[in-house]
Structure formats: structure tokens, C-alpha cells
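Engineer: After the C-alpha cells below, expect a handful of questions from me.
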There are 2 protein chains.
Amino acid sequence: MLVMEAGRRGKQKAAPTLHDVARQAGVSVATASRALNGSSTRTVRPEYISRVVAAAERLGYQPHLSAQAIALGSTPTAALVVSDIDDPYFSSIASGVIVAAQAHALIPTVAVADRSPARELQIVRTLRGQRPRVIIVAGSRIDGAGTDTTLDDELQAYQAVGGRVVMVSQESLRFPTVAIDNAGGGRQLASALVSRGYRRFAVLSAARKIRTSRDRCDGFLAGLREAGMPEPLVVETRFTRDGGYEATRRLLDGGPPTVDAIVTVNDVMAIGAMTAIRDAGFTPGRDVGVAGFDDISWCADLDPALTTVAIPLHQVGVMAMELALGDDPQQPVIRVPTSVILRDSTPSR
Amino acid sequence: MLVMEAGRRGKQKAAPTLHDVARQAGVSVATASRALNGSSTRTVRPEYISRVVAAAERLGYQPHLSAQAIALGSTPTAALVVSDIDDPYFSSIASGVIVAAQAHALIPTVAVADRSPARELQIVRTLRGQRPRVIIVAGSRIDGAGTDTTLDDELQAYQAVGGRVVMVSQESLRFPTVAIDNAGGGRQLASALVSRGYRRFAVLSAARKIRTSRDRCDGFLAGLREAGMPEPLVVETRFTRDGGYEATRRLLDGGPPTVDAIVTVNDVMAIGAMTAIRDAGFTPGRDVGVAGFDDISWCADLDPALTTVAIPLHQVGVMAMELALGDDPQQPVIRVPTSVILRDSTPSR
DNA sequence: ACGCACCTGGAAAACGTATTCCAACACGAC
DNA sequence: GTCGTGTTGGAATACGTTTTCCAGGTGCGT
């Protein structure tokens, strides 16, 4: 029994090293290394190469990435920080970042900050120890939080030693950014809805500290003003499906809707809002319009299909990686345009 | 101009090392290391500790994880392989795995195999070089693919040197597994729908090679047989939203539905099916029932709310990590029960 | 035939950290 | 006062790889 236990653990022969491969092939480690990586300045006898390759194959050798990293100075790794991977907004961005990373032979790493600035800071600290080539931060930047400048400093320190930082949708002046035109999208949405006959709005936004939410909300308000519409009702709630549900529920508490449409600062909130409208006994689209932001997958599969401000999220992820790997372009900010997609959740009235 | 360029690149002072910290603090590297990690067997003078900590703070020192890894033998890393991070099925599992990893102070790594067995194999190879503490594979295992045994071998080799492998929802007898009771869920679903008065079904499944799909499909068929129902129509399509849409569209090509309900082997297919039903001029739930598998987020927010076989995906992710880190339990297979959630997409008839 | 350049293999150093081992020192006991 | 013991700092080594540096050998030109 004890023997078995010992055996089980003892069988960990320790992964084969380059040294083992070299011995098997009857050459030195230097030659083995050169044979496997094909050194650029040096050439090694073809026969040796095949002997080394065969030995590596036979032993199931895999180079120890950490050892390579320490010898070469950096890790073939790209780190992404998101708030919540289960949120389609972030998972779409993540999918773009990940495929782009893999296309560049980088190992993608995903950390989840759980919508906490403190956690985000801690993650970036840890990440820095990993010496990735790239750090992409796609969290929802919170303004004014004390940790904010600290995070900036941490990233700055990382950048100072050669790391590449890219922010997604949060204009920190200090780092390259993939900027989403949230305000513009909001303005367009206002104009589009007004021309479909909507007049009185409720806007469901998240805490004002959250940049993305504020920009979208303010953009919409600006668009409304430009169209000469009266000031809408602005309700502050959480940035999630449940936030949208609860706020809408409260809104409809007193009876039939007093607004023509409910506009939320992202699609998952809009989904919650639509359910709340139904639960209150009304029909979204007919009794009250609904619109969101993001155009997450199957927005169009909802009934009624959701009007929204489309953002090419997957592309945003890809662009973030390209920007990070790019050659320090003159223009370190990529502006991503947004476009309004009108669907049945906001029929003409 | 050129100077600026040079300056920009030249400013890469190379991250501060433990050596630098030690020098700043006026102690040896050994002492510095012990001061920062708190060696278990040794004690260091309190004054030195604070001096070292202060120096580290001042320099913005972060230990080089790769160097630690090579000194200690393994990396504080947990790798997850999924087919498609943008699919809510996988992103929910991923969220569980990631939070569990972070709870154990492991850096989560996510690779996307893009539903290709070849890519999956290549990823596991690369991963092996990273020497993570655990590898969790949540792809959709494809039976019979030639690469399959190769993948098993690769994982076996990894396990032989002390790595922990966990499979999610794909019973490979050779590794610990979080097994989802897909067949049981299918059987229950059949029984539940029959007792709501449904008789004639169409089943939308994916290629038979895909285990998850086959198990769900076969379980449903078995349940139908047990209830004495006639054999349903089985349509093979892709495992995605579009697959569900197209198959349903073809199904309804000839006019009104000839079946009471359409059952799909996952929720995203069901979502596509519901849209197809509407596009064909019918109403899901009223004209034809719809049911899926997974209970992905806001299944309940659809209209009609989707009947489905619920799987605690986030929990599955957490359990996979616990299983990987656990103490080689007697029972290396965790069976996750599933439960049918009846909603308005399958009203009684 | 001699010297020189070039090719190629191997020994050794380097990367940054953790740890083993050695030495110095302080303190208590006799 | 001397010896032993326990404590703690530092030098040296190990981890697995890449790369520099050195040396031996071959081929070429004169």
C-alpha cells in the first residue's frame, strides 16, 4: 500500500531535458539546442540534426518554456484582463484577442478582475511578474478610484522595461488605446430613435464613475438635445442584466409606461429590461421601445429583435493585439466606429 | 528624431532583479530572497526584512516568475483548453475555472482550439512546455479522429511528470473527469415533454462523432422509447446557432410544422431554431415547442422562455479545478447531475 | 607545402531565483 | 575563560536553456 503510494509519486521521472536529448543523440547540449531551434548564425551537420530530432521525438521532449524565457529575457505570452469572462461583451473581445495571440505564436492568458479595481491592480502586479510581451486591459475603467493612478503606475513600470500595454475602450492618455466611439454611438442612437417618432425616454445607465456607461449615456443625452427633445429620465443601476431588470421593474411599478422607450447602456441590461417589461404585463416594442449597446450575439434572435449600437467586439480584440504588436505607430489610438442597428424592439410610431 | 527613437527603446532599463534589491538594501541575494518569501526553515533579522521590503517597494520589484519556476520546478499556472470562448457554454465553464484558479493563486491560461482536434493537439503540446500545474480540457471530444490517441499520449506524458489532467464532459477512462449526465438529461427531457402532451419530435443533433451531442441525442431517444413514443425525426447539423437555424428552416420548408416540438442538443441551436420558426411565419411555443440543453444565461429571458436541461456550467468549471488540485480521490470521476427546467417554449398541450 | 579563413562542435557563461552549505558570531554553561 | 550550541548572513550551486567564446579541423590559395 505504502509502496504503491510511493510508487505513484515516485514515477515522476522529471520531464526529459535538453541534456537528456543531447546525451541520447551523442552530442553536446549546445549542438542539441542549435539543432532544434535552427540557430540563425550557426549551422549544424545535417546528420546530427536528424539524430537530435529523433532523440527528442523518442523522449517526448518539450523545451521548458520558463527556462527559455529566462535565457531569452521574455515570455511568449500575451495577457488579457477583463471584468467578467461570462459577459458576452468581454468574451467576444477575448475571443478576438486570443485568436490574434495564437496567430502570433503567443500564449494567451486571461485574468478576471470581477469588476473590482483592487483586484485589477493585484492582477496586473502578478502579471508583471510573468513578463508577458503584451498586457491588454479591457476592464471597465473606474474614474477617480484611488487605485487608478496606482494601476497606471504599475503599467507604466511594465512599459518602461519593454512591455506593450493596450487599453480597450478607456482613454488613458498614457497608453495606446482601442477607443470605441461610445459617445458618437449614443448620439446616433438618439437621432435614429427620434426620427422613428420616439420622444420621451428613460435611460438606464450604470454608476457615473464607469467611463463606458457615462460616455454612452452622455452621448445619447447630447443627441437628444441636438434633436430638440426634452431631457429624459436617467436611472442609475448596475451594469448587468439584473441591474436592467430591477430598474425597469421599478420604472413600471406605478402602472403603464410613461416613456416611449427605454434605452440601456448595454445589451445585457436591455435583455433584463425586456423581461421586466413582460413581467409587468406589457409588451416590449409595442408598449415601450427598448434599445441597447454592443450588438452581442443573437441580439437579433430576441423577440422583438433588439435595436442596438453595434460594436465589432471580436474585431476590437484583434485590433488590440495588432496595436500591441505593431511598430509604435504614429497614431497610438485606434478609433472604432459604431453603427446603429434598428430592429423590431423600436418600431416606428 | 533618431535620438528620440533610440531613447524610447534605450530606456528599457531591464526590470529590476532580486540582485538590485539586495544591493539597495545592503544585503546578499540570499537574504533578500528569504526576506521576501519568508523561508520556512530560516529566520532573518526584522530590520533587514523591512529594509529589503522597502527597497523592493522603491524599485517596483516583481519577482521573475519564470526564474522562480525554473528554480522551483513548476509554474503557478493552470491551463484550460476550450473549443470556442465566445460560446456561452464554454465561457461559463471558463469563468468557473478561472475564479477557482485565482482562488488557489494560480494564473489561469485559456487556449482556444477552434473546434479542431489538430489544433487541440498542438495546443496541448505547447502547453506541456509551459509546465502548468494542471491542464483542463473542455473541448468537444471527437471520436475516432486519428489524433485522438495522440492527444491522450501527450496528456499521459504530461501526467507522468507530475501534471494534473482533468477532462470535462468527455469520459476518457485514463484521466479524472467531470462527467455531465448528458444521456440522463436527455431521458428526463423526453419524459417531461411527453407528460406535457408532446408526441411527435424532431431532434436537431450535431455530427455523431461529437460525444456530447450523441449522448444527449441518444438519451432523448431512449427516453422516448421508454415512454412508448414513436421514433422521432433526427436531423444532423452543426453544433452552433446557425446550424440550428438552417436545419429548422429546412424542416419548415414544406409548410406548417409536422412535429409537436423541436429538441436541439444545445441552447444556442435552440435559439437559432426559434428564430427560424418565426422567420417561417410561425410562433415558437404555440405552433411548435422548442427545447435545448445547457441553460445558458438568459435562457429565461427569451420569449417564450426556453425549456432546457440545466447544467451548472460555472460549477462544472470550479469542480474541474478542485478535482485537479484534489488529493487523488478514490473516485476520479465526478458525475454532475442535470435537471429539466420546463418553461413557456413547451407549454402543455 | 604552408598559412589563412571558415566551418562546426563543445565547454562555459549567462539569465534570475531558491536553497544548501559554510562560516561567523553571540550567548549560555561549566 | 573556554567550549559548545544555536542563530543568521553570505557564498556557491542548481534549475534548463541560449549564446558566446574557444579550439580543432578542413579546404583553399599561393
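Going by the C-alpha cells order, chains are called A, B, ..., each with residues numbered from 1, while ligands are numbered from 1 in the order shown.
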Give as an mmCIF file with N, CA, C and O atoms, in the first residue's frame every residue of chain B that touches chain C within 9 Å, counting only C-alpha atoms (C1' of nucleotides).
Structural biologist:
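Output file part_3.cif is given in full below:
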```
data_model
loop_
_atom_site.group_PDB
_atom_site.id
_atom_site.type_symbol
_atom_site.label_atom_id
_atom_site.label_comp_id
_atom_site.auth_asym_id
_atom_site.auth_seq_id
_atom_site.Cartn_x
_atom_site.Cartn_y
_atom_site.Cartn_z
ATOM 1 N N THR B 17 16.082 43.332 -10.657
ATOM 2 C CA THR B 17 16.145 41.939 -10.220
ATOM 3 C C THR B 17 16.350 41.879 -8.710
ATOM 4 O O THR B 17 16.580 42.892 -8.061
ATOM 5 N N LEU B 18 16.269 40.679 -8.226
ATOM 6 C CA LEU B 18 16.478 40.480 -6.797
ATOM 7 C C LEU B 18 17.852 40.989 -6.399
ATOM 8 O O LEU B 18 18.051 41.519 -5.300
ATOM 9 N N HIS B 19 18.765 40.845 -7.295
ATOM 10 C CA HIS B 19 20.119 41.332 -7.088
ATOM 11 C C HIS B 19 20.107 42.833 -6.793
ATOM 12 O O HIS B 19 20.729 43.292 -5.826
ATOM 13 N N ALA B 30 20.663 36.084 -1.127
ATOM 14 C CA ALA B 30 20.058 35.034 -0.318
ATOM 15 C C ALA B 30 19.162 35.648 0.739
ATOM 16 O O ALA B 30 17.995 35.264 0.890
ATOM 17 N N SER B 33 16.047 37.189 -0.806
ATOM 18 C CA SER B 33 15.061 36.168 -1.153
ATOM 19 C C SER B 33 14.315 35.707 0.092
ATOM 20 O O SER B 33 13.086 35.655 0.120
ATOM 21 N N ARG B 34 15.072 35.410 1.134
ATOM 22 C CA ARG B 34 14.431 34.934 2.354
ATOM 23 C C ARG B 34 13.537 36.007 2.955
ATOM 24 O O ARG B 34 12.450 35.731 3.461
ATOM 25 N N PRO B 63 9.132 39.687 -8.635
ATOM 26 C CA PRO B 63 9.948 38.504 -8.911
ATOM 27 C C PRO B 63 9.664 37.957 -10.303
ATOM 28 O O PRO B 63 8.527 37.973 -10.765
ATOM 29 N N HIS B 64 10.697 37.520 -10.979
ATOM 30 C CA HIS B 64 10.554 36.958 -12.319
ATOM 31 C C HIS B 64 9.995 35.549 -12.200
ATOM 32 O O HIS B 64 10.674 34.630 -11.759
ATOM 33 N N LEU B 65 8.723 35.422 -12.604
ATOM 34 C CA LEU B 65 8.033 34.156 -12.404
ATOM 35 C C LEU B 65 8.734 32.990 -13.094
ATOM 36 O O LEU B 65 8.762 31.876 -12.575
ATOM 37 N N SER B 66 9.276 33.248 -14.251
ATOM 38 C CA SER B 66 9.951 32.167 -14.967
ATOM 39 C C SER B 66 11.171 31.702 -14.196
ATOM 40 O O SER B 66 11.455 30.505 -14.113
ATOM 41 N N ALA B 67 11.877 32.662 -13.627
ATOM 42 C CA ALA B 67 13.057 32.297 -12.855
ATOM 43 C C ALA B 67 12.650 31.494 -11.628
ATOM 44 O O ALA B 67 13.270 30.483 -11.284
ATOM 45 N N GLN B 68 11.586 31.950 -10.974
ATOM 46 C CA GLN B 68 11.089 31.178 -9.843
ATOM 47 C C GLN B 68 10.698 29.787 -10.298
ATOM 48 O O GLN B 68 11.005 28.787 -9.644
ATOM 49 N N ALA B 69 10.011 29.749 -11.420
ATOM 50 C CA ALA B 69 9.535 28.464 -11.917
ATOM 51 C C ALA B 69 10.687 27.499 -12.142
ATOM 52 O O ALA B 69 10.633 26.336 -11.775
ATOM 53 N N ILE B 70 11.739 28.020 -12.713
ATOM 54 C CA ILE B 70 12.849 27.130 -13.027
ATOM 55 C C ILE B 70 13.583 26.713 -11.765
ATOM 56 O O ILE B 70 14.068 25.595 -11.648
ATOM 57 N N ALA B 71 13.604 27.601 -10.794
ATOM 58 C CA ALA B 71 14.258 27.242 -9.539
ATOM 59 C C ALA B 71 13.412 26.244 -8.759
ATOM 60 O O ALA B 71 13.920 25.345 -8.107
ATOM 61 N N LEU B 72 12.111 26.416 -8.815
ATOM 62 C CA LEU B 72 11.224 25.589 -8.007
ATOM 63 C C LEU B 72 10.724 24.368 -8.764
ATOM 64 O O LEU B 72 10.218 23.438 -8.157
#
```
Engineer: Using 12 Å as the limit and counting only C-alpha atoms (C1' of nucleotides), can you tabulate each residue of chain D that touches segment 26-29 of chain A, with its shortest atom-to-atom distance in Å and the two atoms involved, as a Markdown table?
Structural biologist:
```
| residue | atom | partner | partner_atom | distance |
| --- | --- | --- | --- | --- |
| D:DG16 | C1' | A:Val29 | CA | 10.4 |
| D:DT17 | C1' | A:Val29 | CA | 9.2 |
| D:DT18 | C1' | A:Val29 | CA | 10.1 |
| D:DT19 | C1' | A:Val29 | CA | 11.8 |
```
Engineer: Using only C-alpha atoms (C1' of nucleotides), which residues sit within 8 Å of Phe293 of chain A once same-chain residues fewer than 6 positions away are excluded, as number ranges by chain?
Structural biologist: A: 264-267, 308-311
Engineer: Please, could you write that set of residues out with all heavy atoms as an mmCIF file, in the first residue's frame?
Structural biologist:
```
data_model
loop_
_atom_site.group_PDB
_atom_site.id
_atom_site.type_symbol
_atom_site.label_atom_id
_atom_site.label_comp_id
_atom_site.auth_asym_id
_atom_site.auth_seq_id
_atom_site.Cartn_x
_atom_site.Cartn_y
_atom_site.Cartn_z
ATOM 1 N N THR A 264 -30.832 51.430 -22.709
ATOM 2 C CA THR A 264 -29.880 50.978 -21.685
ATOM 3 C C THR A 264 -28.470 51.083 -22.244
ATOM 4 O O THR A 264 -28.274 51.038 -23.461
ATOM 5 C CB THR A 264 -30.141 49.518 -21.295
ATOM 6 O OG1 THR A 264 -29.911 48.685 -22.433
ATOM 7 C CG2 THR A 264 -31.583 49.341 -20.831
ATOM 8 N N VAL A 265 -27.492 51.194 -21.360
ATOM 9 C CA VAL A 265 -26.125 51.422 -21.819
ATOM 10 C C VAL A 265 -25.397 50.142 -22.213
ATOM 11 O O VAL A 265 -24.228 50.206 -22.589
ATOM 12 C CB VAL A 265 -25.305 52.206 -20.784
ATOM 13 C CG1 VAL A 265 -25.794 53.644 -20.703
ATOM 14 C CG2 VAL A 265 -25.348 51.531 -19.431
ATOM 15 N N ASN A 266 -26.057 48.989 -22.123
ATOM 16 C CA ASN A 266 -25.529 47.814 -22.816
ATOM 17 C C ASN A 266 -26.620 46.782 -23.040
ATOM 18 O O ASN A 266 -27.719 46.889 -22.482
ATOM 19 C CB ASN A 266 -24.294 47.232 -22.115
ATOM 20 C CG ASN A 266 -24.617 46.496 -20.845
ATOM 21 O OD1 ASN A 266 -25.765 46.149 -20.582
ATOM 22 N ND2 ASN A 266 -23.605 46.270 -20.040
ATOM 23 N N ASP A 267 -26.326 45.800 -23.860
ATOM 24 C CA ASP A 267 -27.367 44.876 -24.286
ATOM 25 C C ASP A 267 -27.875 43.966 -23.176
ATOM 26 O O ASP A 267 -29.062 43.653 -23.123
ATOM 27 C CB ASP A 267 -26.860 44.009 -25.451
ATOM 28 C CG ASP A 267 -26.837 44.777 -26.759
ATOM 29 O OD1 ASP A 267 -27.441 45.857 -26.814
ATOM 30 O OD2 ASP A 267 -26.206 44.287 -27.714
ATOM 31 N N THR A 308 -29.918 48.254 -31.368
ATOM 32 C CA THR A 308 -28.707 48.427 -30.579
ATOM 33 C C THR A 308 -27.656 49.219 -31.340
ATOM 34 O O THR A 308 -27.795 49.447 -32.544
ATOM 35 C CB THR A 308 -28.128 47.048 -30.187
ATOM 36 O OG1 THR A 308 -27.099 47.225 -29.225
ATOM 37 C CG2 THR A 308 -27.546 46.348 -31.401
ATOM 38 N N VAL A 309 -26.632 49.654 -30.629
ATOM 39 C CA VAL A 309 -25.489 50.293 -31.253
ATOM 40 C C VAL A 309 -24.414 49.229 -31.415
ATOM 41 O O VAL A 309 -23.863 48.738 -30.434
ATOM 42 C CB VAL A 309 -24.955 51.451 -30.389
ATOM 43 C CG1 VAL A 309 -23.725 52.065 -31.026
ATOM 44 C CG2 VAL A 309 -26.034 52.492 -30.184
ATOM 45 N N ALA A 310 -24.149 48.865 -32.641
ATOM 46 C CA ALA A 310 -23.250 47.734 -32.895
ATOM 47 C C ALA A 310 -21.787 48.116 -32.708
ATOM 48 O O ALA A 310 -21.354 49.181 -33.136
ATOM 49 C CB ALA A 310 -23.467 47.214 -34.304
ATOM 50 N N ILE A 311 -21.067 47.227 -32.060
ATOM 51 C CA ILE A 311 -19.620 47.376 -31.897
ATOM 52 C C ILE A 311 -18.985 46.066 -32.329
ATOM 53 O O ILE A 311 -19.397 45.007 -31.871
ATOM 54 C CB ILE A 311 -19.278 47.679 -30.437
ATOM 55 C CG1 ILE A 311 -19.885 49.021 -30.033
ATOM 56 C CG2 ILE A 311 -17.783 47.688 -30.221
ATOM 57 C CD1 ILE A 311 -19.854 49.273 -28.563
#
```
Engineer: Quick one: pull the distance between atom CA of Leu80 of chain A and atom C1' of DC15 of chain D, Å, one decimal.
Structural biologist: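 Atom CA of Leu80 of chain A sits 29.1 Å away from atom C1' of DC15 of chain D.
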Engineer: Near chain B, which residues of chain A fall within 6 Å when you count only C-alpha atoms, and what do they look like as a list in words?
Structural biologist: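 The selection requested is Gln12, Lys13, Ala14, Ala15, Gln62, Pro63, His64, Leu65, Ser66, Ile85, Asp86, Ser91, Ser92, Ser95, Thr109, Val110, Gly129, Gln130, Ala160, Val161, Gly162, Thr275 and Asp301 of chain A.
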Engineer: Write a file of the selected residues as a short mmCIF file (atom, residue, chain, number, x, y, z; two decimals), in the first residue's frame, keeping C-alpha atoms.
Structural biologist:
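This went into result.cif:
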```
data_model
loop_
_atom_site.label_atom_id
_atom_site.label_comp_id
_atom_site.auth_asym_id
_atom_site.auth_seq_id
_atom_site.Cartn_x
_atom_site.Cartn_y
_atom_site.Cartn_z
CA GLN A 12 7.52 11.34 -11.73
CA LYS A 13 10.66 10.87 -13.70
CA ALA A 14 11.05 14.61 -14.08
CA ALA A 15 10.44 15.70 -17.65
CA GLN A 62 9.31 19.58 -24.83
CA PRO A 63 11.52 22.60 -24.14
CA HIS A 64 10.95 24.12 -20.74
CA LEU A 65 9.33 27.43 -21.59
CA SER A 66 10.36 29.07 -18.35
CA ILE A 85 -15.47 36.45 -18.94
CA ASP A 86 -19.06 35.24 -18.75
CA SER A 91 -15.99 37.04 -24.12
CA SER A 92 -16.28 38.41 -27.64
CA SER A 95 -12.08 35.59 -28.47
CA THR A 109 -3.52 34.40 -20.62
CA VAL A 110 -6.86 35.60 -19.32
CA GLY A 129 5.98 39.03 -12.69
CA GLN A 130 5.09 36.85 -15.61
CA ALA A 160 9.34 51.02 -19.08
CA VAL A 161 11.00 47.63 -19.26
CA GLY A 162 9.77 46.94 -22.77
CA THR A 275 -38.08 40.60 -19.35
CA ASP A 301 -32.65 36.34 -32.13
#
```
Engineer: Can you tell me, as a list in words, which residues in segment 26-194 of chain A count as strand (DSSP E) by DSSP?
Structural biologist: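 The residues of segment 26-194 of chain A classed as strand (DSSP E) are Thr77, Ala78, Ala79, Leu80, Val81, Val82, Ile107, Pro108, Thr109, Val110, Ala111, Val112, Val134, Ile135, Ile136, Val137, Arg164, Val165, Val166, Met167, Val168, Thr177, Val178, Ala179 and Ile180 of chain A.
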Engineer: For the interface of chain D with chain B (cut-off 10 Å, counting only C-alpha atoms (C1' of nucleotides)), please tabulate each contacting residue of chain D alongside its nearest pair of atoms and their separation in Å to one decimal, rows sorted by chain and increasing number, as JSON lines.
Structural biologist:
```
{"residue": "D:DT7", "atom": "C1'", "partner": "B:Thr43", "partner_atom": "CA", "distance": 8.5}
{"residue": "D:DT8", "atom": "C1'", "partner": "B:Val44", "partner_atom": "CA", "distance": 6.6}
{"residue": "D:DG9", "atom": "C1'", "partner": "B:Thr31", "partner_atom": "CA", "distance": 7.0}
{"residue": "D:DG10", "atom": "C1'", "partner": "B:Ser28", "partner_atom": "CA", "distance": 6.2}
{"residue": "D:DA11", "atom": "C1'", "partner": "B:Ser28", "partner_atom": "CA", "distance": 9.2}
{"residue": "D:DA14", "atom": "C1'", "partner": "B:Ala71", "partner_atom": "CA", "distance": 7.7}
{"residue": "D:DC15", "atom": "C1'", "partner": "B:Ala71", "partner_atom": "CA", "distance": 4.9}
{"residue": "D:DG16", "atom": "C1'", "partner": "B:Ile70", "partner_atom": "CA", "distance": 7.3}
```
